[in-house]
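With mmCIF, C-alpha atoms inside, this is entry.cif:
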```
data_my_file
loop_
_atom_site.group_PDB
_atom_site.id
_atom_site.type_symbol
_atom_site.label_atom_id
_atom_site.label_comp_id
_atom_site.auth_asym_id
_atom_site.auth_seq_id
_atom_site.Cartn_x
_atom_site.Cartn_y
_atom_site.Cartn_z
ATOM 1 C CA MET A 13 -25.024 -22.877 -62.291
ATOM 2 C CA THR A 14 -22.299 -21.402 -64.482
ATOM 3 C CA VAL A 15 -22.478 -21.830 -68.247
ATOM 4 C CA VAL A 16 -19.410 -21.260 -70.446
ATOM 5 C CA ALA A 17 -18.711 -21.519 -74.156
ATOM 6 C CA CYS A 18 -16.629 -24.481 -75.324
ATOM 7 C CA PRO A 19 -13.256 -23.020 -76.427
ATOM 8 C CA THR A 20 -13.296 -25.182 -79.561
ATOM 9 C CA CYS A 21 -16.850 -25.038 -80.920
ATOM 10 C CA ALA A 22 -18.518 -22.368 -78.728
ATOM 11 C CA LYS A 23 -21.329 -24.713 -77.657
ATOM 12 C CA LYS A 24 -22.750 -23.770 -74.246
ATOM 13 C CA VAL A 25 -21.398 -26.041 -71.493
ATOM 14 C CA GLU A 26 -22.420 -26.342 -67.842
ATOM 15 C CA TRP A 27 -19.445 -25.851 -65.509
ATOM 16 C CA THR A 28 -20.196 -28.661 -63.072
ATOM 17 C CA PRO A 29 -18.131 -31.465 -61.511
ATOM 18 C CA GLU A 30 -20.204 -33.967 -63.493
ATOM 19 C CA ASN A 31 -18.875 -32.535 -66.772
ATOM 20 C CA LYS A 32 -15.524 -34.304 -66.971
ATOM 21 C CA TYR A 33 -14.530 -32.439 -70.160
ATOM 22 C CA ARG A 34 -15.058 -28.892 -68.852
ATOM 23 C CA PRO A 35 -14.464 -26.328 -70.215
ATOM 24 C CA PHE A 36 -14.950 -28.400 -73.375
ATOM 25 C CA CYS A 37 -18.265 -29.900 -74.426
ATOM 26 C CA SER A 38 -16.845 -33.294 -75.401
ATOM 27 C CA GLU A 39 -13.755 -35.478 -75.660
ATOM 28 C CA ARG A 40 -13.572 -34.563 -79.362
ATOM 29 C CA CYS A 41 -13.292 -30.821 -78.668
ATOM 30 C CA LYS A 42 -10.744 -31.499 -75.936
ATOM 31 C CA GLN A 43 -8.591 -33.534 -78.355
ATOM 32 C CA ILE A 44 -8.862 -30.873 -81.070
ATOM 33 C CA ASP A 45 -7.541 -28.279 -78.613
ATOM 34 C CA LEU A 46 -4.732 -30.580 -77.466
ATOM 35 C CA GLY A 47 -3.748 -31.158 -81.090
ATOM 36 C CA ALA A 48 -3.590 -27.401 -81.696
ATOM 37 C CA TRP A 49 -1.220 -27.044 -78.721
ATOM 38 C CA ALA A 50 0.914 -29.928 -79.993
ATOM 39 C CA GLU A 51 1.170 -28.274 -83.425
ATOM 40 C CA GLU A 52 2.165 -25.000 -81.717
ATOM 41 C CA LYS A 53 -0.815 -23.128 -83.176
ATOM 42 C CA TYR A 54 -1.127 -21.162 -79.936
ATOM 43 C CA THR A 55 1.612 -18.624 -79.349
ATOM 44 C CA ILE A 56 2.302 -15.851 -76.900
ATOM 45 C CA PRO A 57 3.499 -12.702 -78.646
ATOM 46 C CA ALA A 58 6.886 -11.504 -77.497
ATOM 47 C CA ALA A 59 8.485 -8.110 -77.828
ATOM 48 C CA ALA A 60 11.552 -7.841 -80.010
ATOM 49 C CA PRO A 61 14.770 -7.528 -78.009
ATOM 50 C CA ASN A 62 15.920 -3.974 -77.443
ATOM 51 C CA GLU A 63 18.792 -3.398 -79.856
ATOM 52 C CA SER A 64 20.364 -0.794 -77.590
ATOM 53 C CA GLN A 65 21.083 -3.464 -74.971
ATOM 54 C CA ASP A 66 24.621 -4.780 -74.955
ATOM 55 C CA ASN A 67 24.922 -8.284 -76.334
ATOM 56 C CA PRO A 68 27.540 -10.272 -74.359
ATOM 57 C CA LEU A 69 28.400 -12.218 -77.498
ATOM 58 C CA ASP A 70 29.404 -8.994 -79.295
ATOM 59 C CA GLU A 71 32.065 -7.924 -76.764
ATOM 60 C CA ASP A 72 34.861 -8.296 -79.287
ATOM 61 C CA LYS A 73 33.254 -5.575 -81.424
ATOM 62 C CA HIS A 74 33.638 -2.862 -78.716
#
```
Translate this file's structure into structure tokens.
Amino acid sequence: MTVVACPTCAKKVEWTPENKYRPFCSERCKQIDLGAWAEEKYTIPAAAPNESQDNPLDEDKH
């Protein structure tokens, strides 16, 4: 049996088909995580655009 940590509260959770909230421990933790996504608290870092690349909108400056 696989045991994982709940992403919200870190409580140990059994990864089984009977656990309908997996990987969360409860409906509450699942809703907390969903709310964080809705508030855009999770982000993926992006690299700044390379300034040496030509910008098609700046063609009149060349």
(request) I would like the residues chosen by the PyMOL selection byres ((chain A and resi 40-52) around 10) on the shown file; could you give them as a ChimeraX atom specification? (result) /A:18-22,33-39,53-55
(request) May I ask for the distance between CA of Val16 in chain A and CA of Glu30 in chain A, given in Å to one decimal place? (result)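 Going from CA of Val16 in chain A over to CA of Glu30 in chain A covers 14.5 Å.
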(request) Extract, using all atoms listed in the file, all DNA, RNA and protein residues at most 10 Å from Val15 in chain A, discarding same-chain residues fewer than 4 positions from it, and format them as a PyMOL selection string. (result) chain A and resi 23-28+35
Next, write the just-selected residues to a file, as a PDB file, keeping the file's coordinate frame, keeping C-alpha atoms as the atom set.
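Done, and the output landed in result12.pdb:
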```
ATOM      1  CA  LYS A  23     -21.329 -24.713 -77.657  1.00  0.00           C
ATOM      2  CA  LYS A  24     -22.750 -23.770 -74.246  1.00  0.00           C
ATOM      3  CA  VAL A  25     -21.398 -26.041 -71.493  1.00  0.00           C
ATOM      4  CA  GLU A  26     -22.420 -26.342 -67.842  1.00  0.00           C
ATOM      5  CA  TRP A  27     -19.445 -25.851 -65.509  1.00  0.00           C
ATOM      6  CA  THR A  28     -20.196 -28.661 -63.072  1.00  0.00           C
ATOM      7  CA  PRO A  35     -14.464 -26.328 -70.215  1.00  0.00           C
TER       8      PRO A  35
END
```
Exercise on range 44-59 of chain A, axis-aligned box with 4 Å per side, report centre and edge lengths in Å to one decimal, as lines of an AutoDock Vina configuration file:
```
center_x = -0.2
center_y = -19.6
center_z = -80.2
size_x = 25.3
size_y = 31.0
size_z = 14.5
```
